[in-house]
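As stored in coords_8.pdb (PDB, C-alpha atoms):
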```pdb
ATOM      1  CA  MET E   1      23.073 -10.801  23.919
ATOM      2  CA  MET E   2      20.522 -13.379  25.021
ATOM      3  CA  ASP E   3      16.843 -12.709  24.583
ATOM      4  CA  GLY E   4      13.833 -14.365  26.200
ATOM      5  CA  HIS E   5      13.774 -17.121  23.607
ATOM      6  CA  ASP E   6      17.366 -18.072  24.423
ATOM      7  CA  LEU E   7      16.563 -18.135  28.132
ATOM      8  CA  VAL E   8      13.600 -20.475  27.602
ATOM      9  CA  ARG E   9      15.691 -22.720  25.305
ATOM     10  CA  ILE E  10      18.510 -22.916  27.841
ATOM     11  CA  ALA E  11      16.102 -23.463  30.736
ATOM     12  CA  CYS E  12      14.492 -26.393  28.902
ATOM     13  CA  GLY E  13      17.922 -27.886  28.205
ATOM     14  CA  LEU E  14      19.000 -27.437  31.821
ATOM     15  CA  PHE E  15      15.828 -29.035  33.153
ATOM     16  CA  LEU E  16      16.296 -32.023  30.847
ATOM     17  CA  LEU E  17      20.017 -32.379  31.577
ATOM     18  CA  PRO E  18      19.757 -34.002  35.035
ATOM     19  CA  HIS E  19      16.942 -36.228  33.787
ATOM     20  CA  PHE E  20      19.340 -37.432  31.080
ATOM     21  CA  VAL E  21      22.455 -37.675  33.271
ATOM     22  CA  LEU E  22      20.680 -39.610  36.026
ATOM     23  CA  LYS E  23      19.845 -42.336  33.498
ATOM     24  CA  ILE E  24      23.524 -43.103  32.874
ATOM     25  CA  PRO E  25      24.043 -45.341  35.941
ATOM     26  CA  ARG E  26      20.786 -47.152  35.105
ATOM     27  CA  LEU E  27      21.397 -47.814  31.418
ATOM     28  CA  ARG E  28      21.390 -51.592  31.887
ATOM     29  CA  THR E  29      17.967 -51.521  33.521
ATOM     30  CA  LEU E  30      16.423 -48.592  31.657
ATOM     31  CA  HIS E  31      14.329 -50.954  29.551
ATOM     32  CA  GLU E  32      12.464 -52.042  32.707
ATOM     33  CA  PHE E  33      10.696 -48.667  32.816
ATOM     34  CA  TYR E  34       9.553 -49.206  29.223
ATOM     35  CA  VAL E  35       8.300 -52.696  30.162
ATOM     36  CA  ARG E  36       6.325 -51.357  33.150
ATOM     37  CA  ALA E  37       4.848 -48.585  30.986
ATOM     38  CA  LYS E  38       3.900 -51.221  28.393
ATOM     39  CA  LEU E  39       5.758 -49.424  25.625
ATOM     40  CA  PRO E  40       6.649 -51.590  22.615
ATOM     41  CA  LEU E  41      10.119 -53.075  22.075
ATOM     42  CA  PRO E  42      11.561 -51.937  25.418
ATOM     43  CA  ARG E  43      15.084 -53.286  24.805
ATOM     44  CA  VAL E  44      15.236 -51.359  21.518
ATOM     45  CA  LEU E  45      13.407 -48.182  22.536
ATOM     46  CA  ALA E  46      15.234 -47.646  25.842
ATOM     47  CA  PRO E  47      18.675 -46.967  24.323
ATOM     48  CA  ILE E  48      17.082 -45.026  21.456
ATOM     49  CA  GLY E  49      15.170 -42.895  23.982
ATOM     50  CA  PHE E  50      18.381 -42.282  25.918
ATOM     51  CA  ALA E  51      20.213 -41.185  22.759
ATOM     52  CA  VAL E  52      17.294 -39.011  21.654
ATOM     53  CA  GLU E  53      17.161 -37.279  25.020
ATOM     54  CA  GLY E  54      20.904 -36.637  24.837
ATOM     55  CA  ALA E  55      20.495 -35.145  21.351
ATOM     56  CA  ILE E  56      17.671 -32.904  22.586
ATOM     57  CA  VAL E  57      19.750 -31.636  25.508
ATOM     58  CA  ALA E  58      22.775 -31.041  23.274
ATOM     59  CA  SER E  59      20.675 -29.212  20.689
ATOM     60  CA  LEU E  60      19.082 -26.904  23.245
ATOM     61  CA  LEU E  61      22.239 -26.120  25.203
ATOM     62  CA  THR E  62      24.487 -25.578  22.187
ATOM     63  CA  ASP E  63      21.926 -23.668  20.091
ATOM     64  CA  THR E  64      22.377 -26.164  17.253
ATOM     65  CA  LEU E  65      19.470 -27.365  15.100
ATOM     66  CA  VAL E  66      17.150 -26.013  17.780
ATOM     67  CA  PHE E  67      13.942 -26.412  15.780
ATOM     68  CA  TYR E  68      14.564 -30.133  15.285
ATOM     69  CA  GLY E  69      15.758 -30.658  18.849
ATOM     70  CA  ALA E  70      12.703 -28.882  20.232
ATOM     71  CA  VAL E  71      10.259 -30.781  17.992
ATOM     72  CA  LEU E  72      11.928 -34.038  18.976
ATOM     73  CA  GLY E  73      11.690 -32.887  22.585
ATOM     74  CA  VAL E  74       7.950 -32.302  22.260
ATOM     75  CA  ALA E  75       7.480 -35.851  20.957
ATOM     76  CA  PHE E  76       9.763 -37.254  23.662
ATOM     77  CA  MET E  77       7.886 -35.437  26.441
ATOM     78  CA  LEU E  78       4.507 -36.535  25.079
ATOM     79  CA  VAL E  79       5.675 -40.159  25.131
ATOM     80  CA  ALA E  80       6.978 -39.595  28.675
ATOM     81  CA  SER E  81       3.574 -38.191  29.667
ATOM     82  CA  TYR E  82       1.842 -41.187  28.145
ATOM     83  CA  ALA E  83       4.208 -43.558  29.989
ATOM     84  CA  VAL E  84       3.575 -41.791  33.319
ATOM     85  CA  VAL E  85      -0.182 -42.117  32.855
ATOM     86  CA  ARG E  86       0.194 -45.799  31.893
ATOM     87  CA  LEU E  87       2.311 -46.431  34.982
ATOM     88  CA  TYR E  88       0.473 -44.448  37.619
ATOM     89  CA  GLY E  89      -3.040 -43.948  36.262
ATOM     90  CA  GLY E  90      -4.791 -41.076  34.581
ATOM     91  CA  GLY E  91      -6.487 -39.600  37.621
ATOM     92  CA  LYS E  92      -3.418 -37.700  38.780
ATOM     93  CA  TRP E  93      -2.079 -34.425  37.431
ATOM     94  CA  ARG E  94       0.696 -33.023  39.598
ATOM     95  CA  TRP E  95       4.219 -34.324  39.129
ATOM     96  CA  GLU E  96       4.802 -34.891  42.863
ATOM     97  CA  LYS E  97       1.810 -37.266  42.820
ATOM     98  CA  GLN E  98       3.295 -39.123  39.826
ATOM     99  CA  GLY E  99       1.184 -37.275  37.280
ATOM    100  CA  PRO E 100       2.122 -36.008  33.801
ATOM    101  CA  GLU E 101       2.253 -32.300  34.735
ATOM    102  CA  TYR E 102       6.067 -31.936  34.407
ATOM    103  CA  PRO E 103       6.549 -33.652  31.027
ATOM    104  CA  LEU E 104       3.472 -31.928  29.586
ATOM    105  CA  PHE E 105       4.758 -28.550  30.762
ATOM    106  CA  LEU E 106       8.121 -29.234  29.119
ATOM    107  CA  ALA E 107       6.341 -30.344  25.936
ATOM    108  CA  VAL E 108       4.510 -26.993  25.808
ATOM    109  CA  MET E 109       7.681 -25.022  26.502
ATOM    110  CA  LEU E 110       9.574 -26.987  23.830
ATOM    111  CA  ALA E 111       6.754 -26.304  21.353
ATOM    112  CA  ILE E 112       7.225 -22.604  22.064
ATOM    113  CA  VAL E 113      10.986 -22.961  21.524
ATOM    114  CA  ALA E 114      10.328 -24.761  18.203
ATOM    115  CA  ALA E 115       7.857 -22.089  17.090
ATOM    116  CA  GLU E 116      10.412 -19.354  17.755
ATOM    117  CA  ALA E 117      13.399 -21.184  16.235
TER     118      ALA E 117
END
```
Spit out the file's structure as structure tokens when you get a sec.
Amino acid sequence: MMDGHDLVRIACGLFLLPHFVLKIPRLRTLHEFYVRAKLPLPRVLAPIGFAVEGAIVASLLTDTLVFYGAVLGVAFMLVASYAVVRLYGGGKWRWEKQGPEYPLFLAVMLAIVAAEA
């Protein structure tokens, strides 16, 4: 039987899944986001980021190595938050205004998943 922790873990995985899947058709140009966000080594980090996100989703949805997947997810979401602020400025908060609200929320939820794993 699933408890609240399982529901939060699965919800985090399901919210990350479309974010991951929608990158597939843009794999060849994914590095351009990293360039615009002024992240280092965009042609190296873009495919690594894609693979890391896939590993996070797989970990959360299959209940495998959840602690490590969630901790990796926290780091991934914090980098995503940083990139959003670099791209769109730090004066915005809400996700619909291109602020870091969504990735920061997921980072907090993933930290909770890691703490309970």
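When only C-alpha atoms are used to measure the gap to E:Thr29, the shortest distance among E:Ala111, E:Phe50, E:Leu17, E:Gly69 belongs to E:Phe50.
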Might you pull out every residue within 12 Å of E:Val35, with all atoms listed in the file counted and same-chain residues fewer than 6 positions away left off, and present them as a PDB file with C-alpha atoms, in the coordinates of the input?
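Output saved as result10.pdb:
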```pdb
ATOM      1  CA  THR E  29      17.967 -51.521  33.521  1.00  0.00           C
ATOM      2  CA  LEU E  41      10.119 -53.075  22.075  1.00  0.00           C
ATOM      3  CA  PRO E  42      11.561 -51.937  25.418  1.00  0.00           C
ATOM      4  CA  ARG E  43      15.084 -53.286  24.805  1.00  0.00           C
ATOM      5  CA  VAL E  44      15.236 -51.359  21.518  1.00  0.00           C
ATOM      6  CA  LEU E  45      13.407 -48.182  22.536  1.00  0.00           C
ATOM      7  CA  ALA E  46      15.234 -47.646  25.842  1.00  0.00           C
ATOM      8  CA  ALA E  83       4.208 -43.558  29.989  1.00  0.00           C
ATOM      9  CA  ARG E  86       0.194 -45.799  31.893  1.00  0.00           C
ATOM     10  CA  LEU E  87       2.311 -46.431  34.982  1.00  0.00           C
TER      11      LEU E  87
END
```
Run the PyMOL selection byres ((chain E and resi 105) around 12) against the file shown and list the residues it catches, as a list in words.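 Selected by the PyMOL selection byres ((chain E and resi 105) around 12) in this file: Cys12, Phe15, Gly73, Val74, Met77, Leu78, Ala80, Ser81, Trp93, Arg94, Trp95, Gly99, Pro100, Glu101, Tyr102, Pro103, Leu104, Leu106, Ala107, Val108, Met109, Leu110, Ala111 and Ile112 of chain E.
Distances here use only C-alpha atoms; by that measure, the residue among E:Arg36, E:His31, E:His19, E:Arg26 closest to E:Glu53 is E:His19.
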What does the distance between atom CA of E:Leu61 and atom CA of E:Glu116 come to in Å, to one decimal place? 15.5 Å
Taking all atoms listed in the file into account, which of E:Val113, E:Leu39, E:Ile10, E:Val84 comes nearest E:Leu72?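 Closest candidate: E:Val113.
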Would you place a box with edges along x, y and z of the file around all atoms of stretch 27-30 of chain E listed there, add 5 Å to each of its six sides, and report the centre and edge lengths in Å to one decimal, as JSON?
```
{"center_x": 18.9, "center_y": -49.7, "center_z": 32.5, "size_x": 15.0, "size_y": 13.8, "size_z": 12.1}
```
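In this structure, atom CA of E:Ala70 sits 5.2 Å away from atom CA of E:Ala114.
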Separation of atom CA of E:Asp6 from atom CA of E:Ala55, in Å and rounded to one decimal: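 Between atom CA of E:Asp6 and atom CA of E:Ala55 the gap is 17.6 Å.
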Using only C-alpha atoms: which of E:Gly89, E:Ala117, E:Ala51, E:Tyr68 has the shortest distance to E:Val21: E:Ala51
